[in-house]
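The structure appears below as structure tokens.
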There are 6 protein chains.
Amino acid sequence: MRPSGRAPDEIRPVSLETGVNKYAEGSCLVRFGDTHVLCAATVEDRVPPFLRNSGRGWVTAEYGMLPRATDTRTDREAARGKQSGRTLEIQRLIGRSFRAITDLTGLGERQVRVDCDVLQADGGTRTASITGGYVALHLAFDYLARHRLIESVPLTDKVAAISCGIYQGAGVADLDYAEDSNAATDANFVLTGKGGIVEIQATAEQDPFQPDEFNTMLALAMSATERLFTLQQSTVDTAIAARDAAAA
Amino acid sequence: MRPSGRAPDEIRPVSLETGVNKYAEGSCLVRFGDTHVLCAATVEDRVPPFLRNSGRGWVTAEYGMLPRATDTRTDREAARGKQSGRTLEIQRLIGRSFRAITDLTGLGERQVRVDCDVLQADGGTRTASITGGYVALHLAFDYLARHRLIESVPLTDKVAAISCGIYQGAGVADLDYAEDSNAATDANFVLTGKGGIVEIQATAEQDPFQPDEFNTMLALAMSATERLFTLQQSTVDTAIAARDAAAA
Amino acid sequence: MRPSGRAPDEIRPVSLETGVNKYAEGSCLVRFGDTHVLCAATVEDRVPPFLRNSGRGWVTAEYGMLPRATDTRTDREAARGKQSGRTLEIQRLIGRSFRAITDLTGLGERQVRVDCDVLQADGGTRTASITGGYVALHLAFDYLARHRLIESVPLTDKVAAISCGIYQGAGVADLDYAEDSNAATDANFVLTGKGGIVEIQATAEQDPFQPDEFNTMLALAMSATERLFTLQQSTVDTAIAARDAAAA
Amino acid sequence: MRPSGRAPDEIRPVSLETGVNKYAEGSCLVRFGDTHVLCAATVEDRVPPFLRNSGRGWVTAEYGMLPRATDTRTDREAARGKQSGRTLEIQRLIGRSFRAITDLTGLGERQVRVDCDVLQADGGTRTASITGGYVALHLAFDYLARHRLIESVPLTDKVAAISCGIYQGAGVADLDYAEDSNAATDANFVLTGKGGIVEIQATAEQDPFQPDEFNTMLALAMSATERLFTLQQSTVDTAIAARDAAAA
Amino acid sequence: MRPSGRAPDEIRPVSLETGVNKYAEGSCLVRFGDTHVLCAATVEDRVPPFLRNSGRGWVTAEYGMLPRATDTRTDREAARGKQSGRTLEIQRLIGRSFRAITDLTGLGERQVRVDCDVLQADGGTRTASITGGYVALHLAFDYLARHRLIESVPLTDKVAAISCGIYQGAGVADLDYAEDSNAATDANFVLTGKGGIVEIQATAEQDPFQPDEFNTMLALAMSATERLFTLQQSTVDTAIAARDAAAA
Amino acid sequence: MRPSGRAPDEIRPVSLETGVNKYAEGSCLVRFGDTHVLCAATVEDRVPPFLRNSGRGWVTAEYGMLPRATDTRTDREAARGKQSGRTLEIQRLIGRSFRAITDLTGLGERQVRVDCDVLQADGGTRTASITGGYVALHLAFDYLARHRLIESVPLTDKVAAISCGIYQGAGVADLDYAEDSNAATDANFVLTGKGGIVEIQATAEQDPFQPDEFNTMLALAMSATERLFTLQQSTVDTAIAARDAAAA
């Protein structure tokens, strides 16, 4: 029995709300239950030094948590003077996930930076950031295409993510904090709309896990992201239709 | 004529939304037009070293802006490794404002920390932080009193803030970013419900200003904060009534 | 009765000593009683990035305190690895004050940086820095004009500053440390020779203050700075005459 | 065809050399071909704050690379003033791997810290660190047991790690730098002697990968670590026998 | 011929001025020609951790330069966020020099910290800091003895320092900046009143130097410090007599 | 009687092993007894800003210690976020030593950086770094000459270093840690093959020392470095012969 009463393959109520930042070229407030992340995509004219004069672009991400996003207040990283290892690890993962489904040559020599700021955290903030950040990224690409800075949206696929775990001996999808802190194993899956795997991070929190447990979690993740891809698609479609209408 | 079309003494639409953070002892999302600040008050059992064994408490504040809160993205302070002088100056101001209306002895040897994080900025983020942060602080005090950790809410007054300026030769209240960046003078007033002044920060952005211009701005600020105090009161009353109802 | 025995409108003995640094283009050791600040103005050929190719110059300031400038030794900021919020706030104020009376176009695309280092502190270090730093700045401008790098001294006015307060219910001018740490209200005024206001920073240290108390402090500040402008003028005149004589 | 001419399941020559640091309670210089990592385990009497008075111990790791461990010199992290995200991510992984096979209660309230410093890098430094660090850790536990500070070596299993990838369409084990920088997919597996999985980190460097490709890599990893466990066992046995002989 | 026209063994005019800081337990403004260093000694009740409960005290030093102490302005170390290697090296030297002539047991479990801040630099700032800092230190010890916190001044000797060099083939004493930047060899000698050597730092700036050149420099240093010891003695005597008179 | 049983002028067994890093243009693992330092020389195409367009090159050094190089583990400088004063002082000394025997014009506008990383420390790590680093530097120069980037090896002399001390009243050469921590005086000598002195750093650890004690230490150092120069020469000759053979 899960603390939340959810079925093993049941994910929390998910919502994707666009247009939440009046300045960003693309933005999305993603909610997985009580986990809320504000994703804002910014188009920049510069690329990192190693790409200068390459004709190719870059997509990167930054991640942060408001100090009281968590049950017990966490020190502000800006005040502490450095980002934690956890923060750096998460933002590197998010950036890789977006680059895996972006045609960097089609993007041209510019960078899109996706800021993922956690307003409230109840487990699964990195996977929510990828799932919601994809929408912000897509809309930033739409902005570039709409302004004829690129020919078309340079995406080769969709990307979404979910965490699964082994909780009390059984595989469950979309861990919340109560489960995450007690699960024997926690695995984050970053998957694409076409069924490919972008990244797997699976960790035995207590005892090592077995290959068949891993396969159970992978199957749960594939099923859960199917639903996320559908929601992403309809959210993006609606937002683009609204932009079309506003421009008309 | 103001860029926004507002009358000289007309402030932007203001809203104060409580209960926006499920963990914080008090929280408030304050909106002055397109300026949105999430305020979360945290009760801590420790006080700063200089107050240990004094029997007195402390109220402090931290301030931050999401990178894309602004029209042009600002570097993340956590990634840069330090808070800017502007950030430190603002959070010191917010903290002083709250302490000026708090009975620190009545609070007892604990600290309330109010995090003010700007989700979207269109001028006046520091004054919005004070105005909305007051609500979060009041509710955190209510939390302490409700749990019988203190006898009563240790507030001696209310506090709210507003910026006024001299724009095209005339005094105006509640500058937005378009005005702020063009005003000859920008003054922030932190005032109390009983008509006292907690803090004045007035700066000639271009030419020096005259005493009578200052007095015009002060009068506008007093009028504007009257309306803010009324809104704060009703917001707090409603939130407390809801807590009473939930506890019943 | 003030701790120092001074009359309410009596400022401490003030001296401005020029030529105290053999390298600086302008320098001044300012003393307000036991508060001693060494101000040194440096001409630099570069401007900050946002002014490149603008034809305009910049004036900025840095502020520091020797560790034992204070009664109890303060940690060295260089050893701690960062400047405090107080330091950053003060040096931003000093810089703004100088820019308010400088014709930045007349200065041309160069920067003058005024270092204000407190050798001994007894209250009022930021206002002393502005008052003495003005002399160093004026002499650095004279250096530029004398070497025909600019046509004339690009100053539109003089600037001086003083702190006033409400001490035991009465307004007093030029707080020293004993008063500052006990005053109910502390207000810093940055004023110009022509009677304009550049900056006001007024803070209720304990209880909020009233508009009429504010007006009393403003009047005291205007009177005090009158005397400072006279002293600045004669100091600058003497120093320039000495330079003329040396060059002859 | 692999650049090194190795068969797909062929790992590089591996050696584990103990006793390479005369001070450390356990040490091991691990070599996977041209990748050389010096691992030194230090016993400390303190535990992190969250474990104080818990009766439980902790195992942690730090990771570093000498500046010229790489083909092109890398800036020294101590000189740059911070550890990179990559470094933090790796040392967190190493620490988790060791804790997964340690009985932290059996260790008692002390910490073992394993420093993994890369002298020369040719791919697979994190997996070499885990494989060699295990030997250093085991010997540090032996040191504690030998000095009767703990009853027995508090290990519940062995741990070793290997990276596998998809190179030119085929699964290969133990990527060296030439392969790693060209592989379509790179996966690090941390496995235990009893066949459990401690951690999987699989990343699509270019295109997403498929579940069957993942299974191929997992099988290669299981086979490779079998050989590593055998080598670890004989290395530890020999080192312990030498300590027995020296003590006799 | 030296740039200054001085004879080879002629040191610059030296002055030691005490009582220059109204708060410090001992202070001295030392001038070697145009090199001016403000030395302030602070008594602290704490010792570094490695001396706790040892019954012994500690003497340490910190060194800094005002940004415009030099001909070309130097960046402020507090703004840069760290002390340079040169600064750290100098303050370690100063601290060692003072500890070599202090009876740390006689001092008891407290620390004296000597801040040496260079107001103007024309070569020889580290040796001036030692020479002047000794006076500040002696007076801080006198303060402790006078207040009966220690029985007597815990000094076993005097200490002074001078730089010598090989300039255009000949040995010279007390290098100023013009010589220092052109000398073939620069050697700093820290010597005691009884003829002992505390520290030698001799560096070939261009070509290696010979043992006989070294001996020439050592002889010049011994002669120069003789004069410094006499001046230190009379300065301390006068200051102590003044304190006696004030106390009477 | 020395703790190691060595004669007063007897240095520890010294070995210089080249080719220990497959990437570096020159490398040498130097051992003085239990002190082991890995020296790697890197050729870089850039020079520091002050040498740009000067036609001259630069040689610099960086120094580090692995955390468990010492008996008690030392915090990792990269994790602490800054290099200690000791580290900065040592690497400045090493760099100066190499520049004193290099023809920087002959090197051309490029930089050689010598990383000296201490794998195990038993006293004398800075002098070992200079002695072994010379070999790495020579081989990096040979690399440049061999690839016809420079005409010939731009060395004007050899350089080696040794520490001497006064231990129990007698002069001894090549202090190990047991002696170093108990010696009354510790002196580091950097000497050249032609008998010149590059640097002397002599420090009284307890009581001041006398000129004749200094002369004893200098004589011991000259004798010891003679043997080091012979070993350096044969090591370099052998390594160059091996390169010739490999190229043939």
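Residues are named by chain letter and number: chains run A, B, ... in the order of the structure tokens, numbers start at 1 in each chain, and ligands are numbered from 1 in the order shown.
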When you look at Ala239 of chain C with a cut-off of 8 Å (counting only C-alpha atoms), what residues show up, excluding the ones that are within fewer than 4 positions of it in the same chain? I need them as a ChimeraX atom specification. /C:18-19,139,235,243
Could you please tell me, as a count of residues only, which residues of chain F have an atom within 10 Å of chain E when using only C-alpha atoms? 49
Do you know which residues are at most 12 Å from segment 222-233 of chain E counting only C-alpha atoms, after dropping those on the same chain fewer than 6 positions away, and could you put them as a JSON list (two decimals) with N, CA, C and O atoms, in the first residue's frame?
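What ended up in around.json:
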[["chain", "number", "residue", "atom", "x", "y", "z"],
["E", 8, "PRO", "N", 75.73, 53.44, 0.01],
["E", 8, "PRO", "CA", 75.33, 52.03, 0.00],
["E", 8, "PRO", "C", 74.75, 51.55, 1.32],
["E", 8, "PRO", "O", 73.81, 50.75, 1.34],
["E", 9, "ASP", "N", 75.27, 52.02, 2.42],
["E", 9, "ASP", "CA", 74.76, 51.53, 3.71],
["E", 9, "ASP", "C", 73.77, 52.50, 4.36],
["E", 9, "ASP", "O", 73.43, 52.33, 5.53],
["E", 10, "GLU", "N", 73.32, 53.47, 3.57],
["E", 10, "GLU", "CA", 72.44, 54.48, 4.14],
["E", 10, "GLU", "C", 70.97, 54.08, 4.00],
["E", 10, "GLU", "O", 70.50, 53.84, 2.89],
["E", 11, "ILE", "N", 70.28, 54.01, 5.12],
["E", 11, "ILE", "CA", 68.86, 53.68, 5.03],
["E", 11, "ILE", "C", 68.05, 54.97, 4.93],
["E", 11, "ILE", "O", 68.57, 56.07, 5.18],
["E", 12, "ARG", "N", 66.83, 54.83, 4.52],
["E", 12, "ARG", "CA", 65.97, 56.01, 4.37],
["E", 12, "ARG", "C", 65.65, 56.61, 5.74],
["E", 12, "ARG", "O", 65.78, 55.93, 6.76],
["E", 13, "PRO", "N", 65.18, 57.86, 5.79],
["E", 13, "PRO", "CA", 64.73, 58.40, 7.08],
["E", 13, "PRO", "C", 63.62, 57.52, 7.63],
["E", 13, "PRO", "O", 62.67, 57.20, 6.91],
["E", 14, "VAL", "N", 63.77, 57.11, 8.88],
["E", 14, "VAL", "CA", 62.80, 56.22, 9.51],
["E", 14, "VAL", "C", 62.12, 56.95, 10.66],
["E", 14, "VAL", "O", 62.79, 57.62, 11.44],
["E", 15, "SER", "N", 60.80, 56.81, 10.74],
["E", 15, "SER", "CA", 60.13, 57.35, 11.93],
["E", 15, "SER", "C", 59.13, 56.32, 12.44],
["E", 15, "SER", "O", 58.57, 55.54, 11.68],
["E", 16, "LEU", "N", 58.96, 56.29, 13.73],
["E", 16, "LEU", "CA", 58.02, 55.40, 14.40],
["E", 16, "LEU", "C", 57.11, 56.26, 15.26],
["E", 16, "LEU", "O", 57.58, 56.88, 16.22],
["E", 17, "GLU", "N", 55.82, 56.32, 14.90],
["E", 17, "GLU", "CA", 54.89, 57.19, 15.62],
["E", 17, "GLU", "C", 53.85, 56.33, 16.33],
["E", 17, "GLU", "O", 53.15, 55.56, 15.69],
["E", 18, "THR", "N", 53.78, 56.48, 17.63],
["E", 18, "THR", "CA", 52.85, 55.62, 18.40],
["E", 18, "THR", "C", 51.55, 56.35, 18.69],
["E", 18, "THR", "O", 51.42, 57.55, 18.44],
["E", 28, "CYS", "N", 51.41, 51.75, 15.91],
["E", 28, "CYS", "CA", 52.60, 52.46, 15.45],
["E", 28, "CYS", "C", 52.48, 52.72, 13.95],
["E", 28, "CYS", "O", 52.21, 51.78, 13.18],
["E", 30, "VAL", "N", 54.71, 53.41, 10.98],
["E", 30, "VAL", "CA", 56.13, 53.37, 10.66],
["E", 30, "VAL", "C", 56.33, 53.94, 9.25],
["E", 30, "VAL", "O", 55.56, 53.66, 8.34],
["E", 31, "ARG", "N", 57.36, 54.77, 9.13],
["E", 31, "ARG", "CA", 57.69, 55.35, 7.83],
["E", 31, "ARG", "C", 59.16, 55.07, 7.52],
["E", 31, "ARG", "O", 60.04, 55.38, 8.33],
["E", 32, "PHE", "N", 59.40, 54.42, 6.38],
["E", 32, "PHE", "CA", 60.75, 54.33, 5.81],
["E", 32, "PHE", "C", 60.66, 55.18, 4.54],
["E", 32, "PHE", "O", 60.18, 54.70, 3.51],
["E", 127, "THR", "N", 59.42, 44.52, 5.56],
["E", 127, "THR", "CA", 60.41, 44.79, 6.62],
["E", 127, "THR", "C", 59.97, 45.96, 7.48],
["E", 127, "THR", "O", 60.16, 45.95, 8.70],
["E", 128, "ALA", "N", 59.35, 46.96, 6.88],
["E", 128, "ALA", "CA", 58.81, 48.05, 7.68],
["E", 128, "ALA", "C", 57.72, 47.54, 8.62],
["E", 128, "ALA", "O", 57.63, 47.97, 9.78],
["E", 130, "ILE", "N", 57.49, 44.64, 10.01],
["E", 130, "ILE", "CA", 58.10, 43.95, 11.16],
["E", 130, "ILE", "C", 58.69, 44.96, 12.13],
["E", 130, "ILE", "O", 58.52, 44.87, 13.34],
["E", 131, "THR", "N", 59.39, 45.95, 11.57],
["E", 131, "THR", "CA", 60.06, 46.93, 12.42],
["E", 131, "THR", "C", 59.07, 47.76, 13.21],
["E", 131, "THR", "O", 59.24, 48.00, 14.41],
["E", 132, "GLY", "N", 58.01, 48.22, 12.54],
["E", 132, "GLY", "CA", 57.00, 49.02, 13.24],
["E", 132, "GLY", "C", 56.05, 48.16, 14.05],
["E", 132, "GLY", "O", 55.58, 48.57, 15.12],
["E", 133, "GLY", "N", 55.74, 46.98, 13.54],
["E", 133, "GLY", "CA", 54.82, 46.10, 14.24],
["E", 133, "GLY", "C", 55.38, 45.68, 15.59],
["E", 133, "GLY", "O", 54.63, 45.49, 16.55],
["E", 134, "TYR", "N", 56.72, 45.58, 15.65],
["E", 134, "TYR", "CA", 57.33, 45.24, 16.95],
["E", 134, "TYR", "C", 56.94, 46.26, 18.01],
["E", 134, "TYR", "O", 56.66, 45.91, 19.17],
["E", 135, "VAL", "N", 56.93, 47.52, 17.64],
["E", 135, "VAL", "CA", 56.58, 48.57, 18.61],
["E", 135, "VAL", "C", 55.13, 48.42, 19.06],
["E", 135, "VAL", "O", 54.81, 48.50, 20.25],
["E", 136, "ALA", "N", 54.24, 48.19, 18.08],
["E", 136, "ALA", "CA", 52.83, 48.00, 18.44],
["E", 136, "ALA", "C", 52.66, 46.79, 19.35],
["E", 136, "ALA", "O", 51.90, 46.83, 20.33],
["E", 137, "LEU", "N", 53.38, 45.72, 19.03],
["E", 137, "LEU", "CA", 53.29, 44.50, 19.83],
["E", 137, "LEU", "C", 53.79, 44.75, 21.25],
["E", 137, "LEU", "O", 53.16, 44.33, 22.24],
["E", 138, "HIS", "N", 54.94, 45.41, 21.36],
["E", 138, "HIS", "CA", 55.50, 45.70, 22.69],
["E", 138, "HIS", "C", 54.50, 46.50, 23.53],
["E", 138, "HIS", "O", 54.29, 46.24, 24.71],
["E", 139, "LEU", "N", 53.85, 47.47, 22.88],
["E", 139, "LEU", "CA", 52.90, 48.30, 23.63],
["E", 139, "LEU", "C", 51.65, 47.52, 24.00],
["E", 139, "LEU", "O", 51.05, 47.76, 25.06],
["E", 157, "ASP", "N", 63.50, 39.30, 23.30],
["E", 157, "ASP", "CA", 64.47, 40.03, 22.47],
["E", 157, "ASP", "C", 63.69, 41.09, 21.69],
["E", 157, "ASP", "O", 62.47, 41.17, 21.78],
["E", 158, "LYS", "N", 64.40, 41.90, 20.92],
["E", 158, "LYS", "CA", 63.77, 42.81, 19.97],
["E", 158, "LYS", "C", 63.87, 42.18, 18.58],
["E", 158, "LYS", "O", 64.72, 41.32, 18.35],
["E", 159, "VAL", "N", 63.06, 42.67, 17.64],
["E", 159, "VAL", "CA", 63.18, 42.20, 16.28],
["E", 159, "VAL", "C", 62.98, 43.36, 15.31],
["E", 159, "VAL", "O", 62.14, 44.24, 15.55],
["E", 160, "ALA", "N", 63.80, 43.40, 14.27],
["E", 160, "ALA", "CA", 63.64, 44.40, 13.22],
["E", 160, "ALA", "C", 64.06, 43.75, 11.91],
["E", 160, "ALA", "O", 64.69, 42.69, 11.90],
["E", 161, "ALA", "N", 63.72, 44.40, 10.81],
["E", 161, "ALA", "CA", 64.01, 43.79, 9.52],
["E", 161, "ALA", "C", 64.41, 44.85, 8.51],
["E", 161, "ALA", "O", 64.03, 46.02, 8.63],
["E", 162, "ILE", "N", 65.17, 44.43, 7.53],
["E", 162, "ILE", "CA", 65.62, 45.34, 6.47],
["E", 162, "ILE", "C", 65.84, 44.51, 5.21],
["E", 162, "ILE", "O", 66.15, 43.33, 5.28],
["E", 163, "SER", "N", 65.63, 45.14, 4.06],
["E", 163, "SER", "CA", 65.97, 44.45, 2.82],
["E", 163, "SER", "C", 67.29, 45.02, 2.31],
["E", 163, "SER", "O", 67.55, 46.22, 2.41],
["E", 164, "CYS", "N", 68.12, 44.14, 1.79],
["E", 164, "CYS", "CA", 69.36, 44.56, 1.16],
["E", 164, "CYS", "C", 69.40, 43.95, -0.23],
["E", 164, "CYS", "O", 68.64, 43.04, -0.54],
["E", 172, "VAL", "N", 73.74, 47.11, -1.27],
["E", 172, "VAL", "CA", 73.10, 48.32, -0.75],
["E", 172, "VAL", "C", 72.05, 47.93, 0.28],
["E", 172, "VAL", "O", 71.48, 46.84, 0.22],
["E", 173, "ALA", "N", 71.82, 48.85, 1.21],
["E", 173, "ALA", "CA", 70.86, 48.58, 2.28],
["E", 173, "ALA", "C", 69.57, 49.35, 2.04],
["E", 173, "ALA", "O", 69.59, 50.47, 1.52],
["E", 174, "ASP", "N", 68.46, 48.72, 2.45],
["E", 174, "ASP", "CA", 67.14, 49.39, 2.44],
["E", 174, "ASP", "C", 66.73, 49.80, 1.04],
["E", 174, "ASP", "O", 66.61, 51.00, 0.73],
["E", 175, "LEU", "N", 66.43, 48.82, 0.21],
["E", 175, "LEU", "CA", 66.01, 49.08, -1.17],
["E", 175, "LEU", "C", 64.69, 49.85, -1.21],
["E", 175, "LEU", "O", 63.75, 49.50, -0.50],
["E", 188, "ASN", "N", 65.73, 39.79, 2.26],
["E", 188, "ASN", "CA", 65.12, 40.33, 3.47],
["E", 188, "ASN", "C", 65.72, 39.63, 4.67],
["E", 188, "ASN", "O", 65.75, 38.40, 4.72],
["E", 189, "PHE", "N", 66.16, 40.44, 5.63],
["E", 189, "PHE", "CA", 66.76, 39.90, 6.86],
["E", 189, "PHE", "C", 65.92, 40.31, 8.05],
["E", 189, "PHE", "O", 65.61, 41.49, 8.20],
["E", 190, "VAL", "N", 65.58, 39.32, 8.87],
["E", 190, "VAL", "CA", 64.88, 39.60, 10.11],
["E", 190, "VAL", "C", 65.84, 39.25, 11.23],
["E", 190, "VAL", "O", 66.21, 38.08, 11.39],
["E", 191, "LEU", "N", 66.27, 40.26, 11.99],
["E", 191, "LEU", "CA", 67.35, 40.07, 12.96],
["E", 191, "LEU", "C", 66.89, 40.49, 14.34],
["E", 191, "LEU", "O", 65.92, 41.24, 14.48],
["E", 192, "THR", "N", 67.61, 40.02, 15.36],
["E", 192, "THR", "CA", 67.22, 40.36, 16.73],
["E", 192, "THR", "C", 68.26, 41.25, 17.37],
["E", 192, "THR", "O", 69.41, 41.35, 16.93],
["E", 193, "GLY", "N", 67.82, 41.90, 18.43],
["E", 193, "GLY", "CA", 68.69, 42.84, 19.14],
["E", 193, "GLY", "C", 69.95, 42.21, 19.67],
["E", 193, "GLY", "O", 70.99, 42.88, 19.83],
["E", 194, "LYS", "N", 69.89, 40.91, 19.94],
["E", 194, "LYS", "CA", 71.07, 40.23, 20.47],
["E", 194, "LYS", "C", 71.95, 39.64, 19.38],
["E", 194, "LYS", "O", 72.86, 38.86, 19.65],
["E", 195, "GLY", "N", 71.65, 39.96, 18.13],
["E", 195, "GLY", "CA", 72.52, 39.51, 17.04],
["E", 195, "GLY", "C", 72.13, 38.20, 16.41],
["E", 195, "GLY", "O", 72.86, 37.66, 15.57],
["E", 196, "GLY", "N", 70.98, 37.67, 16.76],
["E", 196, "GLY", "CA", 70.54, 36.41, 16.15],
["E", 196, "GLY", "C", 69.80, 36.67, 14.85],
["E", 196, "GLY", "O", 69.37, 37.79, 14.56],
["E", 197, "ILE", "N", 69.67, 35.61, 14.06],
["E", 197, "ILE", "CA", 68.95, 35.68, 12.80],
["E", 197, "ILE", "C", 67.64, 34.94, 12.97],
["E", 197, "ILE", "O", 67.61, 33.80, 13.43],
["E", 215, "ASN", "N", 77.15, 37.47, 1.96],
["E", 215, "ASN", "CA", 77.76, 37.95, 3.20],
["E", 215, "ASN", "C", 77.81, 39.47, 3.27],
["E", 215, "ASN", "O", 77.64, 40.06, 4.35],
["E", 216, "THR", "N", 78.02, 40.12, 2.14],
["E", 216, "THR", "CA", 77.98, 41.58, 2.11],
["E", 216, "THR", "C", 76.61, 42.09, 2.53],
["E", 216, "THR", "O", 76.48, 43.02, 3.35],
["E", 239, "ALA", "N", 56.77, 56.08, 24.76],
["E", 239, "ALA", "CA", 55.34, 55.78, 24.80],
["E", 239, "ALA", "C", 54.94, 55.24, 26.17],
["E", 239, "ALA", "O", 53.88, 55.58, 26.71],
["E", 240, "ILE", "N", 55.80, 54.41, 26.74],
["E", 240, "ILE", "CA", 55.47, 53.84, 28.05],
["E", 240, "ILE", "C", 55.51, 54.92, 29.13],
["E", 240, "ILE", "O", 54.66, 54.97, 30.02],
["F", 210, "GLN", "N", 72.66, 31.74, 14.51],
["F", 210, "GLN", "CA", 73.82, 32.59, 14.38],
["F", 210, "GLN", "C", 74.41, 32.50, 12.98],
["F", 210, "GLN", "O", 74.24, 31.49, 12.30],
["F", 211, "PRO", "N", 75.14, 33.54, 12.56],
["F", 211, "PRO", "CA", 75.75, 33.49, 11.23],
["F", 211, "PRO", "C", 76.59, 32.25, 10.98],
["F", 211, "PRO", "O", 76.57, 31.69, 9.89]]
Extract the full set of helix (DSSP H, G or I) residues from segment 33-247 of chain C according to DSSP on the backbone, and format it as number ranges by chain. C: 49-51, 67-69, 77-80, 85-99, 104-107, 125-146, 177-180, 211-247
In segment 123-182 of chain D, what's strand (DSSP E or B) per DSSP? Answer as a ChimeraX atom specification? /D:155,159-167,170-173
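The closest residue to Arg6 of chain B, picked from B:Asp176, B:Pro48, B:Leu220, B:Ser234 and counting only C-alpha atoms, is B:Asp176.
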For the atom pair atom CA of Asp180 of chain E and atom CA of Trp58 of chain F, what is the interatomic distance in Å to one decimal place?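 So the two atoms, atom CA of Asp180 of chain E and atom CA of Trp58 of chain F, lie 20.8 Å apart.
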Please provide the set of residues having any atom within 9 Å of segment 150-152 of chain D, restricted to only C-alpha atoms, with same-chain residues fewer than 4 positions apart removed, written as an MDAnalysis selection string. chainID D and resid 106:108 141:142 144:146
Please provide the set of residues having any atom within 9 Å of segment 60-65 of chain D, restricted to only C-alpha atoms, with same-chain residues fewer than 2 positions apart removed, written as number ranges by chain. D: 37, 41, 58, 67-70, 74, 76-77, 83, 87-88, 90-96, 98-99, 111-121, 126, 129, 133; F: 66, 76, 78-79
Calculate how many Å separate atom CA of Arg110 of chain B from atom CA of Cys39 of chain B, rounding to one decimal.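 One can read the atom CA of Arg110 of chain B to atom CA of Cys39 of chain B distance as 19.1 Å.
Pairwise distance (atom CA of His36 of chain D, atom CA of Gly123 of chain D) equals 9.9 Å.
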